[in-house]
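Inspection log for the structure reproduced underneath, given as structure tokens.
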Amino acid sequence: MSKKFYSEGLPFECTRCGHCCRHEPGFVFLSEKDLESLLKYFSISQDEFIEKYCRIVDVGFFKRISLIEKPNNDCIFWQNGMGCSVYSARPLQCRSYPFWHAVMDSEESWNEEAESCPGMNHGKIHSEQEIEEWLKKREENPPLDIDS
Ligand code: SF4
Ligand code: SF4
């Protein structure tokens, strides 16, 4: 098996700059477990949570649930001065960043992503095993596909 570009681990330490949570529209897709955790966190019903904080995104064959943004394109859960207001229940997509399949695909994609994340290529080294565990977690907890 060929050696991965991250076989010696990779440095990453979040500076909490908030860049990945703010300013630009994007999708934060929820897995079944993410939804469960957030419902528990807010103690509200699924319908109420989706109505208040989510949008349904048609991705072709499936529809998925994504968090919405505020009018200024910050994530609905971003709070100035506090950061992520649901930090302990934040979705796996957020927790596993930047160790996403699309980013870990090649050294080139890693370095390209690092241009917009000041935490990448700095700080604590994350081992190959740790990175693979994040990738596996994403595979085991895919975005929830819904019918309507
Ligand atoms: S862009 Fe990178 S450093 Fe900034 S909050 Fe996101 S993960 Fe952390
Ligand atoms: S849920 Fe939290 S960590 Fe995820 S994008 Fe929103 S503010 Fe950022």
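Lettering and numbering for the structure tokens are positional, with chains as A, B, ... in the shown order, residues counted from 1 in each chain, and ligands counted from 1 in the shown order.
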
Discussion item. So that I can check the surroundings of A:Ser31, please list as an NGL selection string every protein, DNA and RNA residue that reaches within 10 Å of it, counting only C-alpha atoms and ignoring chain neighbours fewer than 4 positions away.
Written reply: :A and (35-37 or 64-66 or 91-93 or 138 or 140-145)

Worksheet item: Can you tell me, as a list in words, what residues are no more than 12 Å from A:Tyr97 when counting only C-alpha atoms, ignoring any on the same chain fewer than 5 positions away?
Response: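 Neighbouring residues, sequence-local ones excluded: Phe12, Glu13, Cys14, Cys20, Cys21, Val28, Arg90, Pro91, Leu92, Ala102, Val103, Met104, Trp110, Glu113, Ala114, Cys117, Gly119, Met120, Ile131, Trp134, Leu135, Lys137 and Arg138 of chain A.
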
Fill in: Expected answer as a PyMOL selection string: residues within 9 Å of ligand 2, only C-alpha atoms and all ligand atoms
chain A and resi 18-22+26-28+67-69+74-79+83-87+89-95

Could you write out that same residue set with C-alpha atoms as a PDB file, in the first residue's frame?
ATOM      1  CA  GLY A  18     -14.056  31.552  13.168  1.00  0.00           C
ATOM      2  CA  HIS A  19     -13.325  31.727   9.454  1.00  0.00           C
ATOM      3  CA  CYS A  20     -14.926  28.341   8.783  1.00  0.00           C
ATOM      4  CA  CYS A  21     -18.096  29.338  10.687  1.00  0.00           C
ATOM      5  CA  ARG A  22     -18.624  32.806   9.281  1.00  0.00           C
ATOM      6  CA  GLY A  26     -22.110  26.905   2.971  1.00  0.00           C
ATOM      7  CA  PHE A  27     -23.593  23.645   4.058  1.00  0.00           C
ATOM      8  CA  VAL A  28     -23.247  22.086   7.476  1.00  0.00           C
ATOM      9  CA  LEU A  67     -27.872  24.385   9.269  1.00  0.00           C
ATOM     10  CA  ILE A  68     -28.887  27.811   8.039  1.00  0.00           C
ATOM     11  CA  GLU A  69     -26.900  31.033   8.148  1.00  0.00           C
ATOM     12  CA  ASP A  74     -22.423  33.583   9.767  1.00  0.00           C
ATOM     13  CA  CYS A  75     -23.576  30.125  10.874  1.00  0.00           C
ATOM     14  CA  ILE A  76     -26.843  30.352  12.783  1.00  0.00           C
ATOM     15  CA  PHE A  77     -24.970  29.115  15.892  1.00  0.00           C
ATOM     16  CA  TRP A  78     -22.072  31.556  15.687  1.00  0.00           C
ATOM     17  CA  GLN A  79     -22.091  34.213  18.381  1.00  0.00           C
ATOM     18  CA  GLY A  83     -17.814  31.502  19.045  1.00  0.00           C
ATOM     19  CA  CYS A  84     -19.838  28.361  18.461  1.00  0.00           C
ATOM     20  CA  SER A  85     -22.809  28.527  20.822  1.00  0.00           C
ATOM     21  CA  VAL A  86     -23.434  24.766  20.521  1.00  0.00           C
ATOM     22  CA  TYR A  87     -19.760  23.803  20.829  1.00  0.00           C
ATOM     23  CA  ALA A  89     -23.035  19.464  20.471  1.00  0.00           C
ATOM     24  CA  ARG A  90     -21.559  20.807  17.239  1.00  0.00           C
ATOM     25  CA  PRO A  91     -21.988  18.572  14.196  1.00  0.00           C
ATOM     26  CA  LEU A  92     -19.370  15.996  13.213  1.00  0.00           C
ATOM     27  CA  GLN A  93     -18.682  17.965  10.032  1.00  0.00           C
ATOM     28  CA  CYS A  94     -17.413  20.797  12.258  1.00  0.00           C
ATOM     29  CA  ARG A  95     -15.645  18.560  14.786  1.00  0.00           C
TER      30      ARG A  95
END

Practice prompt. List the neighbours of A:Lys136 out to 12 Å using only C-alpha atoms; skip same-chain residues closer than 6 positions along the sequence, and give me the result as an NGL selection string.
Written response: :A and (92 or 96 or 99-101 or 129-130 or 142)

Write out, as a short mmCIF file (atom, residue, chain, number, x, y, z; two decimals), in the first residue's frame, the residues just selected, with N, CA and C atoms.
data_model
loop_
_atom_site.label_atom_id
_atom_site.label_comp_id
_atom_site.auth_asym_id
_atom_site.auth_seq_id
_atom_site.Cartn_x
_atom_site.Cartn_y
_atom_site.Cartn_z
N LEU A 92 -20.62 16.70 13.53
CA LEU A 92 -19.37 16.00 13.21
C LEU A 92 -18.61 16.68 12.09
N SER A 96 -14.80 17.34 12.87
CA SER A 96 -13.77 16.58 12.16
C SER A 96 -12.90 17.45 11.24
N PHE A 99 -10.01 17.34 8.83
CA PHE A 99 -9.70 15.97 8.38
C PHE A 99 -10.89 15.38 7.62
N TRP A 100 -11.21 16.01 6.51
CA TRP A 100 -12.30 15.58 5.62
C TRP A 100 -11.70 14.83 4.43
N HIS A 101 -12.49 13.93 3.86
CA HIS A 101 -11.98 13.15 2.72
C HIS A 101 -11.46 14.06 1.60
N GLN A 129 -3.12 7.72 12.51
CA GLN A 129 -4.22 6.94 13.09
C GLN A 129 -5.39 7.85 13.48
N GLU A 130 -5.06 8.98 14.08
CA GLU A 130 -6.10 9.92 14.50
C GLU A 130 -6.86 10.46 13.28
N PRO A 142 -22.82 9.37 8.04
CA PRO A 142 -23.03 10.21 6.85
C PRO A 142 -24.17 11.20 7.08
#

Fill in: Å distance separating atom CA of A:Lys124 from atom CA of A:Phe5, one decimal place
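Computing the Euclidean distance for atom CA of A:Lys124 and atom CA of A:Phe5 yields 17.0 Å.
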
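Distances here use only C-alpha atoms and all ligand atoms; by that measure, the residue among A:Pro11, A:Asn73, A:Glu128, A:Arg55 closest to ligand 1 is A:Pro11.
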
Worksheet item: Interatomic distance between atom CA of A:Leu38 and atom CA of A:Ile56?
Response: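 Interatomic distance, atom CA of A:Leu38 to atom CA of A:Ile56: 16.4 Å.
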
Fill in: DSSP-assigned alpha helix (DSSP H) members of stretch 8-109 of chain A, reported as a PyMOL selection string
chain A and resi 32-42+46-53+92-95+101-104+107-109

Worksheet, complete the sentence: Between A:Asp147, A:Lys40, A:Lys4, A:Pro118, smallest distance to ligand 1 by only C-alpha atoms and all ligand atoms belongs to A:Pro118
